[in-house]
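Structure file query.pdb (PDB, C-alpha atoms) follows.
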```
ATOM      1  CA  MET A   1     156.962  11.851 118.865
ATOM      2  CA  LYS A   2     156.655  15.169 120.722
ATOM      3  CA  ARG A   3     153.688  17.388 119.886
ATOM      4  CA  ALA A   4     154.613  20.408 117.728
ATOM      5  CA  HIS A   5     152.116  23.257 117.447
ATOM      6  CA  LEU A   6     153.230  24.716 114.105
ATOM      7  CA  PHE A   7     151.258  27.008 111.800
ATOM      8  CA  GLU A   8     148.938  25.825 109.034
ATOM      9  CA  PHE A   9     148.350  27.835 105.874
ATOM     10  CA  ASN A  10     144.598  27.570 106.270
ATOM     11  CA  ASP A  11     144.860  29.341 109.648
ATOM     12  CA  LEU A  12     146.548  32.407 108.153
ATOM     13  CA  PRO A  13     144.156  35.348 107.655
ATOM     14  CA  TRP A  14     146.134  36.676 104.658
ATOM     15  CA  LEU A  15     145.985  33.430 102.653
ATOM     16  CA  PRO A  16     144.469  34.235  99.222
ATOM     17  CA  SER A  17     140.863  33.116  98.897
ATOM     18  CA  PRO A  18     141.456  30.746  95.913
ATOM     19  CA  LEU A  19     144.114  28.857  97.881
ATOM     20  CA  ARG A  20     141.977  28.690 101.022
ATOM     21  CA  LYS A  21     138.957  27.479  99.059
ATOM     22  CA  THR A  22     141.028  24.794  97.314
ATOM     23  CA  ILE A  23     142.442  23.486 100.601
ATOM     24  CA  MET A  24     138.974  23.405 102.197
ATOM     25  CA  GLU A  25     137.477  21.600  99.204
ATOM     26  CA  PHE A  26     140.249  18.993  99.187
ATOM     27  CA  LEU A  27     139.807  18.402 102.915
ATOM     28  CA  HIS A  28     136.030  18.142 102.764
ATOM     29  CA  HIS A  29     135.773  15.926  99.697
ATOM     30  CA  MET A  30     138.619  13.659 100.829
ATOM     31  CA  SER A  31     136.790  13.135 104.136
ATOM     32  CA  VAL A  32     133.404  12.482 102.540
ATOM     33  CA  ARG A  33     134.430  10.523  99.433
ATOM     34  CA  LEU A  34     136.807   8.266 101.370
ATOM     35  CA  ARG A  35     134.272   7.923 104.219
ATOM     36  CA  MET A  36     136.956   8.738 106.761
ATOM     37  CA  TYR A  37     134.524   9.314 109.623
ATOM     38  CA  ASP A  38     132.077   6.439 109.177
ATOM     39  CA  ASN A  39     133.203   4.555 112.303
ATOM     40  CA  GLY A  40     133.296   7.780 114.298
ATOM     41  CA  PHE A  41     129.817   8.711 113.095
ATOM     42  CA  ASP A  42     128.600   5.220 114.043
ATOM     43  CA  ALA A  43     130.024   5.618 117.558
ATOM     44  CA  LEU A  44     128.337   9.014 117.810
ATOM     45  CA  ALA A  45     125.032   7.543 116.609
ATOM     46  CA  ARG A  46     125.163   4.792 119.259
ATOM     47  CA  LEU A  47     125.917   7.329 121.982
ATOM     48  CA  MET A  48     123.007   9.532 120.934
ATOM     49  CA  GLU A  49     120.601   6.603 120.823
ATOM     50  CA  GLN A  50     121.719   5.262 124.211
ATOM     51  CA  ARG A  51     121.426   8.664 125.902
ATOM     52  CA  GLY A  52     118.331   9.897 124.087
ATOM     53  CA  LEU A  53     120.118  12.851 122.475
ATOM     54  CA  THR A  54     118.593  14.541 119.438
ATOM     55  CA  SER A  55     120.388  17.901 119.254
ATOM     56  CA  ILE A  56     123.966  18.504 118.033
ATOM     57  CA  GLN A  57     125.860  21.768 118.338
ATOM     58  CA  ALA A  58     128.540  21.485 115.631
ATOM     59  CA  LEU A  59     131.256  23.812 116.932
ATOM     60  CA  CYS A  60     134.259  24.921 114.860
ATOM     61  CA  ALA A  61     132.189  23.766 111.882
ATOM     62  CA  GLY A  62     134.359  25.328 109.161
ATOM     63  CA  ASP A  63     132.320  25.405 105.960
ATOM     64  CA  GLY A  64     129.843  22.969 107.514
ATOM     65  CA  GLY A  65     129.830  20.457 104.676
ATOM     66  CA  LEU A  66     130.852  17.529 106.839
ATOM     67  CA  MET A  67     127.794  18.049 109.036
ATOM     68  CA  LEU A  68     125.545  17.576 106.021
ATOM     69  CA  ALA A  69     127.286  14.231 105.500
ATOM     70  CA  LEU A  70     126.758  13.416 109.207
ATOM     71  CA  SER A  71     123.043  14.209 108.977
ATOM     72  CA  GLN A  72     122.723  11.893 105.988
ATOM     73  CA  HIS A  73     124.756   9.206 107.748
ATOM     74  CA  LEU A  74     122.567   9.336 110.867
ATOM     75  CA  GLY A  75     119.436   9.121 108.734
ATOM     76  CA  ARG A  76     117.222  10.321 111.598
ATOM     77  CA  GLU A  77     114.463  12.854 111.037
ATOM     78  CA  ASP A  78     114.406  13.772 114.734
ATOM     79  CA  VAL A  79     118.084  14.795 114.975
ATOM     80  CA  ARG A  80     118.837  18.470 114.453
ATOM     81  CA  ILE A  81     122.339  19.841 113.876
ATOM     82  CA  GLN A  82     123.247  23.493 114.379
ATOM     83  CA  LEU A  83     126.427  24.876 112.797
ATOM     84  CA  SER A  84     128.603  27.543 114.369
ATOM     85  CA  ASP A  85     132.127  28.869 114.134
ATOM     86  CA  LYS A  86     134.215  31.731 115.443
ATOM     87  CA  TYR A  87     134.419  32.971 111.843
ATOM     88  CA  PRO A  88     131.199  31.560 110.352
ATOM     89  CA  SER A  89     130.782  30.983 106.607
ATOM     90  CA  LEU A  90     127.205  32.222 106.630
ATOM     91  CA  GLU A  91     126.533  31.886 102.900
ATOM     92  CA  ARG A  92     127.769  28.296 102.888
ATOM     93  CA  PHE A  93     125.877  27.548 106.120
ATOM     94  CA  ALA A  94     122.676  28.806 104.469
ATOM     95  CA  GLU A  95     123.299  26.560 101.445
ATOM     96  CA  ILE A  96     123.713  23.522 103.697
ATOM     97  CA  GLU A  97     120.551  24.414 105.588
ATOM     98  CA  ARG A  98     118.618  24.386 102.305
ATOM     99  CA  GLU A  99     120.249  21.140 101.115
ATOM    100  CA  SER A 100     119.432  19.394 104.399
ATOM    101  CA  ALA A 101     115.717  20.162 104.206
ATOM    102  CA  GLY A 102     115.920  21.835 107.605
ATOM    103  CA  ARG A 103     117.772  19.116 109.520
ATOM    104  CA  VAL A 104     120.854  21.351 109.660
ATOM    105  CA  SER A 105     120.594  24.987 110.780
ATOM    106  CA  HIS A 106     123.170  27.588 111.763
ATOM    107  CA  VAL A 107     123.972  30.343 114.236
ATOM    108  CA  GLN A 108     124.179  33.792 112.681
ATOM    109  CA  GLY A 109     126.895  35.233 114.905
ATOM    110  CA  SER A 110     130.375  34.223 116.004
ATOM    111  CA  VAL A 111     130.605  31.481 118.646
ATOM    112  CA  ASN A 112     133.626  31.142 120.919
ATOM    113  CA  VAL A 113     134.144  27.442 121.653
ATOM    114  CA  LEU A 114     135.665  28.380 125.028
ATOM    115  CA  ASP A 115     132.444  30.101 126.097
ATOM    116  CA  VAL A 116     129.480  28.639 124.236
ATOM    117  CA  PRO A 117     126.243  30.558 124.912
ATOM    118  CA  GLU A 118     123.864  28.827 127.321
ATOM    119  CA  GLN A 119     121.050  28.793 124.759
ATOM    120  CA  LEU A 120     123.093  26.581 122.411
ATOM    121  CA  SER A 121     122.234  23.399 124.264
ATOM    122  CA  GLY A 122     122.813  19.879 123.019
ATOM    123  CA  LEU A 123     125.699  17.564 122.304
ATOM    124  CA  ARG A 124     128.790  19.629 121.474
ATOM    125  CA  LEU A 125     130.600  18.093 118.513
ATOM    126  CA  ILE A 126     134.051  19.127 117.293
ATOM    127  CA  VAL A 127     135.320  17.278 114.219
ATOM    128  CA  ASN A 128     138.870  17.613 112.873
ATOM    129  CA  ALA A 129     139.558  20.790 114.839
ATOM    130  CA  VAL A 130     140.756  19.922 118.351
ATOM    131  CA  HIS A 131     144.364  19.628 117.193
ATOM    132  CA  HIS A 132     144.209  23.325 116.211
ATOM    133  CA  PHE A 133     144.046  24.267 119.897
ATOM    134  CA  GLN A 134     146.826  24.431 122.470
ATOM    135  CA  PRO A 135     146.395  22.217 125.570
ATOM    136  CA  ASP A 136     145.113  25.079 127.749
ATOM    137  CA  SER A 137     142.380  25.773 125.209
ATOM    138  CA  VAL A 138     141.428  22.094 124.902
ATOM    139  CA  ARG A 139     141.070  21.993 128.676
ATOM    140  CA  GLY A 140     138.966  25.164 128.432
ATOM    141  CA  ILE A 141     136.674  23.573 125.818
ATOM    142  CA  LEU A 142     136.106  20.582 128.097
ATOM    143  CA  ALA A 143     135.678  22.783 131.172
ATOM    144  CA  ASP A 144     133.019  24.944 129.480
ATOM    145  CA  ALA A 145     131.001  21.846 128.522
ATOM    146  CA  VAL A 146     131.257  20.401 132.052
ATOM    147  CA  ALA A 147     130.397  23.721 133.725
ATOM    148  CA  LYS A 148     127.267  24.017 131.556
ATOM    149  CA  GLN A 149     126.428  20.290 131.830
ATOM    150  CA  GLN A 150     126.452  19.621 128.095
ATOM    151  CA  PRO A 151     127.596  16.374 126.430
ATOM    152  CA  ILE A 152     130.709  16.719 124.291
ATOM    153  CA  VAL A 153     132.361  14.647 121.550
ATOM    154  CA  PHE A 154     135.701  15.079 119.765
ATOM    155  CA  LEU A 155     136.485  13.305 116.486
ATOM    156  CA  ASP A 156     140.017  13.826 115.210
ATOM    157  CA  PRO A 157     141.294  11.896 112.151
ATOM    158  CA  VAL A 158     145.011  12.597 112.584
ATOM    159  CA  GLN A 159     147.533  10.608 114.613
ATOM    160  CA  ARG A 160     150.898  11.800 115.886
ATOM    161  CA  ASP A 161     153.166   8.990 114.746
ATOM    162  CA  LEU A 162     155.635   8.464 111.920
ATOM    163  CA  VAL A 163     153.598   5.850 110.034
ATOM    164  CA  SER A 164     150.550   8.121 109.865
ATOM    165  CA  VAL A 165     152.626  11.065 108.642
ATOM    166  CA  LEU A 166     154.310   8.960 105.958
ATOM    167  CA  ARG A 167     150.985   7.438 104.847
ATOM    168  CA  PHE A 168     149.410  10.876 104.427
ATOM    169  CA  THR A 169     152.485  12.263 102.643
ATOM    170  CA  ALA A 170     152.524   9.399 100.153
ATOM    171  CA  ALA A 171     148.785   9.508  99.451
ATOM    172  CA  THR A 172     148.292  13.268  99.161
ATOM    173  CA  PRO A 173     149.691  13.811  95.609
ATOM    174  CA  PHE A 174     147.326  11.152  94.251
ATOM    175  CA  ILE A 175     144.353  12.465  96.258
ATOM    176  CA  SER A 176     145.002  16.044  95.143
ATOM    177  CA  ALA A 177     145.259  15.034  91.472
ATOM    178  CA  TRP A 178     142.106  12.916  91.695
ATOM    179  CA  LEU A 179     140.074  15.685  93.330
ATOM    180  CA  SER A 180     141.426  18.307  90.926
ATOM    181  CA  LEU A 181     140.721  16.324  87.756
ATOM    182  CA  GLY A 182     137.146  15.247  88.348
ATOM    183  CA  GLY A 183     136.873  13.864  91.877
ATOM    184  CA  ILE A 184     135.009  17.086  92.703
ATOM    185  CA  ARG A 185     132.198  18.042  90.337
ATOM    186  CA  PRO A 186     131.815  20.260  88.433
ATOM    187  CA  LEU A 187     135.369  20.442  87.140
ATOM    188  CA  SER A 188     137.029  23.728  88.139
ATOM    189  CA  LEU A 189     139.836  25.552  86.338
ATOM    190  CA  ARG A 190     140.983  26.874  89.721
ATOM    191  CA  ARG A 191     141.377  23.359  91.125
ATOM    192  CA  VAL A 192     143.144  22.110  87.982
ATOM    193  CA  LEU A 193     145.621  24.991  88.152
ATOM    194  CA  LEU A 194     146.226  24.938  91.932
ATOM    195  CA  GLY A 195     146.001  21.175  92.286
ATOM    196  CA  VAL A 196     147.978  19.947  89.256
ATOM    197  CA  VAL A 197     149.422  22.568  86.873
ATOM    198  CA  ALA A 198     150.955  24.934  89.437
ATOM    199  CA  PRO A 199     150.107  22.879  92.526
ATOM    200  CA  LEU A 200     150.323  25.516  95.256
ATOM    201  CA  GLY A 201     146.979  24.337  96.608
ATOM    202  CA  ALA A 202     148.133  20.716  96.709
ATOM    203  CA  LEU A 203     151.395  21.703  98.435
ATOM    204  CA  CYS A 204     149.560  23.790 101.053
ATOM    205  CA  PHE A 205     147.145  20.901 101.583
ATOM    206  CA  LEU A 206     150.075  18.522 102.074
ATOM    207  CA  PHE A 207     151.856  20.898 104.451
ATOM    208  CA  ASP A 208     148.724  21.531 106.521
ATOM    209  CA  GLY A 209     147.997  17.807 106.711
ATOM    210  CA  VAL A 210     151.469  16.946 107.973
ATOM    211  CA  VAL A 211     151.298  19.756 110.540
ATOM    212  CA  SER A 212     147.864  18.522 111.666
ATOM    213  CA  HIS A 213     149.395  15.113 112.391
ATOM    214  CA  LEU A 214     152.199  16.752 114.385
ATOM    215  CA  ARG A 215     149.635  18.794 116.351
ATOM    216  CA  ALA A 216     147.463  15.767 117.167
ATOM    217  CA  TYR A 217     146.815  14.625 120.737
ATOM    218  CA  HIS A 218     147.231  11.114 122.066
ATOM    219  CA  LEU A 219     144.356   9.727 124.126
ATOM    220  CA  GLU A 220     146.550   9.846 127.220
ATOM    221  CA  GLU A 221     146.982  13.595 126.719
ATOM    222  CA  TRP A 222     143.230  14.119 126.417
ATOM    223  CA  GLN A 223     142.767  12.015 129.558
ATOM    224  CA  ALA A 224     145.293  14.143 131.453
ATOM    225  CA  LEU A 225     143.438  17.315 130.427
ATOM    226  CA  ILE A 226     140.121  15.828 131.558
ATOM    227  CA  GLN A 227     141.624  15.154 134.993
ATOM    228  CA  GLN A 228     142.379  18.889 135.302
ATOM    229  CA  VAL A 229     138.749  19.932 134.697
ATOM    230  CA  GLU A 230     136.743  20.770 137.793
ATOM    231  CA  GLY A 231     133.679  18.519 137.940
ATOM    232  CA  HIS A 232     134.972  15.898 135.502
ATOM    233  CA  GLU A 233     133.992  13.185 138.007
ATOM    234  CA  GLY A 234     130.353  13.936 137.247
ATOM    235  CA  TYR A 235     130.754  12.755 133.660
ATOM    236  CA  ASP A 236     131.018   9.378 131.969
ATOM    237  CA  TRP A 237     134.046   9.515 129.667
ATOM    238  CA  ASP A 238     134.826   7.300 126.690
ATOM    239  CA  LEU A 239     138.186   7.634 124.918
ATOM    240  CA  ARG A 240     139.278   5.289 122.136
ATOM    241  CA  VAL A 241     140.834   5.067 118.694
ATOM    242  CA  LEU A 242     138.578   3.846 115.882
ATOM    243  CA  PRO A 243     139.715   2.318 112.570
ATOM    244  CA  GLY A 244     139.468   4.584 109.541
ATOM    245  CA  PHE A 245     140.164   4.437 105.812
ATOM    246  CA  LEU A 246     143.011   2.151 104.635
ATOM    247  CA  GLY A 247     144.647   1.803 108.021
ATOM    248  CA  ALA A 248     144.058   5.373 109.169
ATOM    249  CA  ARG A 249     142.566   5.959 112.624
ATOM    250  CA  VAL A 250     140.151   8.394 114.234
ATOM    251  CA  SER A 251     140.511   9.504 117.853
ATOM    252  CA  PHE A 252     137.190   9.583 119.696
ATOM    253  CA  LEU A 253     136.379  11.346 122.970
ATOM    254  CA  ALA A 254     132.904  11.442 124.478
ATOM    255  CA  GLY A 255     131.778  12.905 127.784
ATOM    256  CA  VAL A 256     128.170  12.783 129.037
ATOM    257  CA  PRO A 257     126.870  14.034 132.419
ATOM    258  CA  LYS A 258     126.143  11.147 134.757
ATOM    259  CA  ALA A 259     122.981  12.893 135.929
ATOM    260  CA  GLN A 260     121.705  12.801 132.363
ATOM    261  CA  ALA A 261     122.515   9.098 132.089
ATOM    262  CA  ALA A 262     120.726   8.396 135.400
ATOM    263  CA  GLY A 263     117.682  10.381 134.265
ATOM    264  CA  ARG A 264     117.573   8.399 131.017
ATOM    265  CA  ALA A 265     117.732   5.086 132.921
ATOM    266  CA  ALA A 266     114.892   6.162 135.212
TER     267      ALA A 266
END
```
Would you give me this structure, written as structure tokens?
Amino acid sequence: MKRAHLFEFNDLPWLPSPLRKTIMEFLHHMSVRLRMYDNGFDALARLMEQRGLTSIQALCAGDGGLMLALSQHLGREDVRIQLSDKYPSLERFAEIERESAGRVSHVQGSVNVLDVPEQLSGLRLIVNAVHHFQPDSVRGILADAVAKQQPIVFLDPVQRDLVSVLRFTAATPFISAWLSLGGIRPLSLRRVLLGVVAPLGALCFLFDGVVSHLRAYHLEEWQALIQQVEGHEGYDWDLRVLPGFLGARVSFLAGVPKAQAAGRAA
């Protein structure tokens, strides 16, 4: 199946706020309630323990809610996560910082993932966002991490194949109804209306999910982009597909500077 970089409703700046909020809530709560990333988070935890990493720069963090779930999953008091985004949700970021008891913080300004400021050091983590970027930009994300000698991890829960698209399409009406009618607390009139009664939110969520699958990268495509990055030989790379919820899969990419690994061993 050839990659198709189509638009998603949630990427459109003119999308009405109630629709955008509904889509984001469905995405976040589906991911957390169905524990879609557990195996990916476990792989990340092992990598951090093996390499002695305690700082995460959560890039393209969206509303940041998934990083609160990651912090709880890791269960480590010494790990700090910092949220950032090109268009940061500062009020939501501040809420998460309070809920996390200080384990999650945030950057006040906009952060361009293609040119992350030097002072934002630590493992760069991008969850469920890499498929939003064209290949040149994905290569640029990897190149910026390598040039600044920072570890980097991608976690992407969508797969570009017919079975995955059909599975998501079949499950989405049930997931949207469940989340609208009590799966997210407290119950919201907005979610009931946009998720069930006049389900524009559910339809946009379905459309965006299908498009995300069509935008997804195969591991071989990530590997080809890595080969085009100057200095990639100085990194240890790990690319694999991890099992997810009910047959779904999560693509995992990790790159760590070899010098860092050698220093840890010494």
Could you give me, as a PDB file with C-alpha atoms, keeping the file's coordinate frame, the residues within 9 Å of stretch 109-122 of chain A, counting only C-alpha atoms and dropping anything in the same chain fewer than 2 positions from it?
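Final output, result-v9.pdb:
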```pdb
ATOM      1  CA  LEU A  53     120.118  12.851 122.475  1.00  0.00           C
ATOM      2  CA  THR A  54     118.593  14.541 119.438  1.00  0.00           C
ATOM      3  CA  SER A  55     120.388  17.901 119.254  1.00  0.00           C
ATOM      4  CA  ILE A  56     123.966  18.504 118.033  1.00  0.00           C
ATOM      5  CA  GLN A  57     125.860  21.768 118.338  1.00  0.00           C
ATOM      6  CA  LEU A  59     131.256  23.812 116.932  1.00  0.00           C
ATOM      7  CA  CYS A  60     134.259  24.921 114.860  1.00  0.00           C
ATOM      8  CA  GLN A  82     123.247  23.493 114.379  1.00  0.00           C
ATOM      9  CA  SER A  84     128.603  27.543 114.369  1.00  0.00           C
ATOM     10  CA  ASP A  85     132.127  28.869 114.134  1.00  0.00           C
ATOM     11  CA  LYS A  86     134.215  31.731 115.443  1.00  0.00           C
ATOM     12  CA  TYR A  87     134.419  32.971 111.843  1.00  0.00           C
ATOM     13  CA  PRO A  88     131.199  31.560 110.352  1.00  0.00           C
ATOM     14  CA  LEU A  90     127.205  32.222 106.630  1.00  0.00           C
ATOM     15  CA  VAL A 107     123.972  30.343 114.236  1.00  0.00           C
ATOM     16  CA  ARG A 124     128.790  19.629 121.474  1.00  0.00           C
ATOM     17  CA  SER A 137     142.380  25.773 125.209  1.00  0.00           C
ATOM     18  CA  VAL A 138     141.428  22.094 124.902  1.00  0.00           C
ATOM     19  CA  GLY A 140     138.966  25.164 128.432  1.00  0.00           C
ATOM     20  CA  ILE A 141     136.674  23.573 125.818  1.00  0.00           C
ATOM     21  CA  LEU A 142     136.106  20.582 128.097  1.00  0.00           C
ATOM     22  CA  ALA A 143     135.678  22.783 131.172  1.00  0.00           C
ATOM     23  CA  ASP A 144     133.019  24.944 129.480  1.00  0.00           C
ATOM     24  CA  ALA A 145     131.001  21.846 128.522  1.00  0.00           C
ATOM     25  CA  LYS A 148     127.267  24.017 131.556  1.00  0.00           C
ATOM     26  CA  GLN A 150     126.452  19.621 128.095  1.00  0.00           C
ATOM     27  CA  PRO A 151     127.596  16.374 126.430  1.00  0.00           C
ATOM     28  CA  ILE A 152     130.709  16.719 124.291  1.00  0.00           C
TER      29      ILE A 152
END
```
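Environment of (133.3, 15.1, 100.3): residues at most 10 Å away, judged by all atoms listed in the file, are Glu25, Phe26, Leu27, His28, His29, Met30, Ser31, Val32, Arg33, Leu34, Arg35, Met36, Gly65, Leu66, Leu68, Ala69, Leu179, Gly183 and Ile184 of chain A.
Between atom CA of A:His106 and atom CA of A:Ile81 the interatomic distance comes to 8.1 Å.
Taking only C-alpha atoms, the non-local environment of A:Gln134 within 12 Å (same-chain residues fewer than 2 positions away omitted) comprises A:Arg3, A:Ala4, A:His5, A:Leu6, A:Phe7, A:Ala129, A:Val130, A:His131, A:His132, A:Asp136, A:Ser137, A:Val138, A:Arg139, A:Gly140, A:Ile141, A:Arg215, A:Ala216, A:Tyr217, A:Glu221, A:Trp222, A:Leu225.
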Checklist entry - Separation of atom CA of A:Gly52 and atom CA of A:Gly244, in Å? => result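 Distance between the two atoms: 26.2 Å.
The closest residue to A:Trp237, picked from A:His73, A:Lys2, A:Lys258, A:Arg167 and counting all atoms listed in the file, is A:Lys258.
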Item to check | Resolved residues for the PyMOL selection byres ((chain A and resi 196) around 10) as a list in words | outcome: Pro173, Ser176, Ala177, Trp178, Leu179, Ser180, Leu181, Arg190, Arg191, Val192, Leu193, Leu194, Gly195, Val197, Ala198, Pro199, Leu200, Gly201, Ala202 and Leu203 of chain A
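Nearest residue to A:Phe245 among A:Glu97, A:Val211, A:Gln149, A:Gly40 is A:Gly40, counting all atoms listed in the file.
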Item to check | Coordinates-based distance that separates atom CA of A:Gly255 from atom CA of A:Leu155 (Å, one decimal) | outcome: 12.2 Å
Checklist entry - Closest to A:Gln159 among A:Gln223, A:Ser251, A:Ser188, A:Thr172, using all atoms listed in the file? => result A:Ser251
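Applied to the shown file, the PyMOL selection byres ((chain A and resi 231-235) around 7) selects the residues Val146, Ile226, Gln227, Val229, Glu230, Asp236, Trp237, Gly255, Val256, Pro257 and Lys258 of chain A.
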Checklist entry - Using all atoms listed in the file, which residue out of A:Arg92, A:Lys21, A:Arg185, A:Arg160 lies closest to A:Gln108? => result A:Arg92
Checklist entry - Applied to the shown file, which residues does the PyMOL selection byres ((chain A and resi 8-17) around 9) return, written as number ranges by chain? => result A: 6-7, 18-24, 132, 204-205, 207-209, 211-212
Checklist entry - In terms of the shortest atom-to-atom distance over only C-alpha atoms, which of A:Leu162, A:Asn39, A:Gly182, A:Leu187 is closest to A:Met1? => result A:Leu162
